[in-house]
Structures are given as C-alpha cells and as structure tokens.
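Working notes, structure below.
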Amino acid sequence: MPDASELELIARELRAAEGGGEAASGSPVLDTVFFRGRATLIVEPDHIGTVLRRLRARGYAFLASVHGVDYYPHEPRFGVLYELLDMERVERITVKLRLAGAGPQVDSVTDEWPTANHQEREIFDMFGVRFGGHPDLRRILMPEDYEGHPLRRDFPLGGEPVLFTYNEDETLGSPA
Amino acid sequence: MEVGGERARGREPASSPPAATSPREPHTLRGGRLRISEHGASQLLRGSELRGRTPAVQYDEDDLERHVRERVLTTTLDRAVAWARSNSFFPATFGLACCAIEMITTVASRMDIARFGFEAFRASPRQADLIILSGRVSIKMAPIIRRLYDQMLEPKWAISMGACCSSMGVFNNYALVPADKFMPIDVHVPGCPPRPEALMHGVLKLRKMVQDDPEAGWRERYGAVGTEELLPPPHAAPAGSVPPRGN
C-alpha cells in the first residue's frame with residue numbers, strides 16, 4: 001500500500017497534470033481517503049480514463065477488479081471502484097467514483113484494460129450503471145429478459161413462497 | 001429325480017417332525033434341489049404321469065393347493081413392469097451445485113447405490129429416466145433443466161435434492177427458482193446438502209412409489225393429465241394419407 005503521504009503525493013500529481021489547482025473545480029481528484037491501510041482516490045467520473053492511465057504510468061498497471069456499490073438513499077447514489085495493483089512493488093490503490101442515481105453513466109475502460117469487459121457488464125447487470133463505449137454491454141449473469149437490477153438496494157428482496165403440502169393450493173391457486 | 005430325494009439321504013434335521021408323506025421341502029433349498037423341485041412341480045402340474053412314470057408323491061387336495069401357492073407367483077403385467085423399472089433407474093448425469101458431490105458419493109464405493117440398481121448414470125437425457133436436481137436452480141438455468149426434463153423419455157421421474165431446489169433454502173432471493181415451479185418433482189430430499197444416505201432414502205422412496213403407482217401421481221398433482229408423450233397408434237392416420245412432414 002502507498003502510505004497516507006504517498007497517497008497525497010499521487011493526488012497532487014494527478015491534479016497538477018490536469019492543470020487544475022488543489023481542489024479546484026474540474027480537478028480530477030475530488031478527495032483522498034486513507035483508511036486502515038487502504039489508499040483510495042475519489043475522482044471525477046469524467047476523468048476516470050486519464051486517471052487510470054496516469055496511475056498505470058506510475059506502476060499501477062494491473063486492474064485487479066472493478067466493483068459497483070449502491071449507496072442508496074445517499075446521493076450521488078452509485079459508486080464504481082477500480083482496484084489497481086502495482087505488481088512490482090505489490091502495492092494497491094483504489095480509485096473510486098460516484099454517479100448520480102438518475103441515469104448513471106461513466107466511460108468504459110475496456111479499451112485499455114480488457115479485464116474490465118466482463119466486470120463492467122456485471123456492474124451494468126446488477127446496478128444498471130451504463131458504461132459508455134463498452135463494446136458489448138449486455139447482461140452477463142441474469143437472463144437477457146430480466147427486468148430490473150437486482151443488487152440495487154431498492155430492488156425487492158424477492159424470493160418465492162415456498163411450496164409445502166399445507167399451502168400448495170393457496171400458493172399455486174386453486175386448480176381449475 | 002423326484003421331490004423329496006434329499007430327505008432320503010438323511011439330511012433332514014433331527015428336530016423337525018417326521019412328515020413322511022409331505023411333499024414340502026425345507027426352505028433352505030439350494031440351486032440344484034430347487035431345480036429338482038421345480039421339475040417335480042411341473043410334473044405335478046402337467047398331470048400325474050410323465051413318460052409313463054407315476055410321480056413318487058401323490059397329493060391330496062389341500063397339499064396340491066399349498067404346493068401351487070408356494071411355487072407359482074401371480075402378478076399383473078403392470079406390477080411386474082413397475083417392479084423391473086423401479087429396480088433399474090437410469091439417472092441423468094446432471095449436477096448443479098454442492099449437492100452433486102453428495103450425489104457422486106452416493107454412487108461411489110462407500111455408499112454404493114449399485115446395490116439398488118441406480119448406478120448407471122446416463123450422459124444423455126434421452127437415455128435417462130430419472131433426473132436428480134442436485135443443487136440450486138437459477139432462473140437462467142431453469143429453462144435448460146426443463147428442456148432436459150422434456151427430452152427424457154417416458155416414464156420419467158425427478159428428485160429434488162437439497163433445500164435449494166425444493167424451497168430455495170438460504171438463497172431465497174431474486175436469482176433462484178424452486179424446481180416445483182417449472183417441472184414436476186416426485187420426491188423432495190431435504191438437507192443442506194443431504195447426506196448420501198438421505199439421497200438413497202429418497203431414491204428408495206421413489207422406488208416404492210414406482211412400484212405402487214408407476215405414474216407416481218404427478219400428472220394429477222401438477223394438472224398435466226393428457227401430456228403423455230406417446231407415439232400415435234399406426235392406425236390413427238387415415239389409410240392412404242401421407243403424414244405431414246416439416247419442410
């Protein structure tokens with residue numbers, strides 16, 4: 001892990017590279033979080049491609065995984081997390097962005113990190129986050145005709161009434 | 001040789017009462033003697049004389065009745081067929097999740113379901129007449145399982161193994177569907193996962209069901225009467241008409 005000060009250095013470098021001052025509007029890095037030894041950069045969704053590219057140039061070349069999070073009822077509602085790994089120094093950094101609840105959309109990074117292909121599809125499937133420029137944005141786990149995105153927190157928990165002998169008739173409806 | 005030849009060699013246990021004229025044999029017949037006894041019985045059933053010989057034992061009315069009842073088994077063809085079927089299920093090689101491991105164990109040497117004649121797992125549903133749903137059924141898998149079940153030849157049976165595909169168990173959420181919703185199930189085996197003994201118990205339950213009622217009653221339970229897959233009788237089409245074929 002980069003320690004807290006190195007995380008700040010990375011953030012400053014990224015801000016400087018985009019030409020913005022510290023915490024200026026339009027800055028790619030909105031915030032840094034260092035919690036329990038894990039370094040997290042919170043970035044502007046529009047800059048995710050450039051941020052990941054610069055981090056790759058710094059050595060974080062391996063995109064270990066992409067996650068989705070639903071922070072409902074907070075706004076911005078959705079989060080997308082990119083876990084990066086520097087395979088030489090064995091250091092990890094998390095890049096996180098937040099998306100609004102209405103029509104969440106972010107650029108795909110599949111072009112440069114092909115491993116993101118299936119993981120972005122899964123986030124789309126489970127949370128409904130659309131990834132612009134994704135080559136094949138289809139459902140990956142749920143059936144193609146499934147309605148809704150089941151890992152959203154306002155999605156009904158679902159489940160079926162369990163059929164036992166005593167409630168068979170009322171569950172299935174009386175036989176015609 | 002005639003019935004009762006063994007006794008002449010003095011192997012009758014001393015404790016049994018001497019029944020000199022009884023044609024009954026002790027039940028410890030070994031193969032050779034059984035055949036001899038059958039020969040004697042056939043002699044008897046054909047009439048008394050065979051090749052000019054008179055049988056050594058003359059039966060009176062009651063002995064004859066008892067003799068026939070002990071040696072002749074009567075049944076209906078349906079029951080005989082059900083008995084044969086129930087002792088040689090051909091399960092489909094089909095594992096869904098962790099329960100499949102227990103299903104595999106059931107077939108392996110320690111549990112050895114071959115004792116009951118169910119060991120021949122078939123790789124094609126066309127050759128199987130029993131499907132064991134061993135694991136959770138996701139709603140994406142359900143149409144595939146239904147298709148496998150439809151491809152199996154009649155008569156066919158299904159066992160729902162484990163909590164997940166019976167009642168969805170701990171996964172009662174958006175992803176799963178209980179097996180009863182899309183196909184008829186004859187036996188539910190509870191457990192998470194059921195031990196191999198439990199699955200074996202379920203299979204033996206199914207065997208009993210098949211012996212008592214080959215249909216196992218699922219068509220009535222699921223409102224599927226009339227959906228039997230039967231070939232039309234050869235005289236169904238009018239004479240001279242060509243059966244329609246797909247283009």
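How things are named: the first chain in the structure tokens is A, the next is B, and so on; residues count from 1 in each chain; ligands count from 1 in the order shown.
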With a cut-off of 9 Å and counting only C-alpha atoms, select all residues of chain B in contact with chain A and give the selection as a compact mmCIF listing (two decimals) with N, CA and C atoms, in the first residue's frame.
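Output file out35.txt follows:
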# COMPACT_ATOMS: atom_id res chain seq x y z
N SER B 138 -30.93 -21.59 -10.73
CA SER B 138 -31.11 -20.18 -11.00
C SER B 138 -32.16 -20.03 -12.10
N ILE B 139 -32.74 -18.84 -12.15
CA ILE B 139 -33.80 -18.66 -13.14
C ILE B 139 -33.24 -18.70 -14.55
N LYS B 140 -31.94 -18.55 -14.69
CA LYS B 140 -31.34 -18.69 -16.01
C LYS B 140 -31.16 -20.16 -16.37
N SER B 166 -35.70 -27.33 -3.59
CA SER B 166 -37.04 -27.61 -3.07
C SER B 166 -37.69 -26.33 -2.56
N SER B 167 -37.00 -25.60 -1.68
CA SER B 167 -37.58 -24.41 -1.07
C SER B 167 -36.65 -23.22 -1.20
N MET B 168 -35.59 -23.32 -1.96
CA MET B 168 -34.59 -22.29 -2.21
C MET B 168 -33.71 -22.01 -1.00
N PHE B 171 -30.94 -19.25 -0.18
CA PHE B 171 -30.82 -18.38 -1.35
C PHE B 171 -32.19 -17.95 -1.85
N ASN B 172 -33.11 -17.72 -0.94
CA ASN B 172 -34.46 -17.36 -1.35
C ASN B 172 -34.48 -15.90 -1.77
N ASN B 173 -34.01 -15.62 -2.98
CA ASN B 173 -33.89 -14.23 -3.42
C ASN B 173 -34.18 -14.13 -4.91
N TYR B 174 -33.69 -13.07 -5.51
CA TYR B 174 -34.03 -12.78 -6.90
C TYR B 174 -33.49 -13.79 -7.89
N ALA B 175 -32.49 -14.57 -7.51
CA ALA B 175 -31.75 -15.33 -8.51
C ALA B 175 -32.29 -16.73 -8.72
N LEU B 176 -32.96 -17.28 -7.74
CA LEU B 176 -33.30 -18.70 -7.80
C LEU B 176 -34.79 -18.90 -8.00
N VAL B 177 -35.10 -20.14 -8.39
CA VAL B 177 -36.48 -20.52 -8.57
C VAL B 177 -36.60 -21.95 -8.05
N PRO B 178 -37.65 -22.25 -7.30
CA PRO B 178 -37.78 -23.64 -6.83
C PRO B 178 -38.19 -24.55 -7.98
N ASP B 180 -40.24 -26.89 -8.23
CA ASP B 180 -41.66 -27.18 -8.43
C ASP B 180 -42.32 -26.20 -9.38
N GLY B 223 -51.58 -30.98 -12.60
CA GLY B 223 -52.56 -30.64 -13.62
C GLY B 223 -52.07 -30.88 -15.02
Inset, instruction - Tell me which protein, DNA and RNA residues are within 8 Å of Gly59 in chain A, counting only C-alpha atoms, leaving out same-chain ones fewer than 5 positions away, and put them as a PyMOL selection string. - result: chain A and resi 86-88
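Residue neighbourhood of Glu122 in chain A, excluding near-sequence residues (fewer than 6 positions): A:His67, A:Gly68, A:Arg138, A:Arg139, A:Ile140, A:Leu141, at 9 Å, using only C-alpha atoms.
Proximity of A:Pro76, A:Pro135, A:Gly37, A:Gly101 to Arg152 in chain A, computed with only C-alpha atoms, is greatest for A:Gly101.
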Inset, instruction - Just the residues within 7 Å of Arg77 in chain A, please, counting only C-alpha atoms, with nothing from its chain fewer than 2 positions along; format it as a count of residues only. - result: 11
Inset, instruction - Mind giving me the straight-line distance from CA of Ala39 in chain A to CA of Thr110 in chain A in Å, one decimal? - result: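 CA of Thr110 in chain A lies at a distance of 23.4 Å from CA of Ala39 in chain A.
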Inset, instruction - Pull the alpha helix (DSSP H) assignments for range 43-232 of chain B out of DSSP run on the backbone, and list those residues as a PyMOL selection string. - result: chain B and resi 43-46+61-71+77-86+99-107+142-151+163-167+196-212+218-221
Legend entry - Spatial neighbours of Thr40 in chain A, 9 Å, only C-alpha atoms, chain gap at least 2 places, as a list in words: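 What passes the distance filter is Leu7, Asp31, Thr32, Val33, Phe34, Phe35, Arg38, Ile42, Ile93, Thr94, Val95 and Lys96 of chain A.
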Legend entry - DSSP strand (DSSP E or B) selection over range 109-233 of chain B, as a ChimeraX atom specification: /B:122,130-134,138,157-161,176,187-189
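Closest to Asn87 in chain B among B:Val170, B:Ala198, B:Ala120, B:Ile131 is B:Ala120, based on only C-alpha atoms.
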Inset, instruction - Find the distance between CA of Ala97 in chain B and CA of Asp112 in chain B and write it in Å to one decimal. - result: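 Interatomic distance, CA of Ala97 in chain B to CA of Asp112 in chain B: 20.8 Å.
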Legend entry - Near-Ala163 in chain B list (10 Å; only C-alpha atoms; drop same-chain fewer than 6 positions) as an MDAnalysis selection string: chainID B and resid 99 134:136 169:171 178 188:194
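Taking CA of Gln127 in chain B and CA of Thr76 in chain B as endpoints, the distance between them is 26.3 Å.
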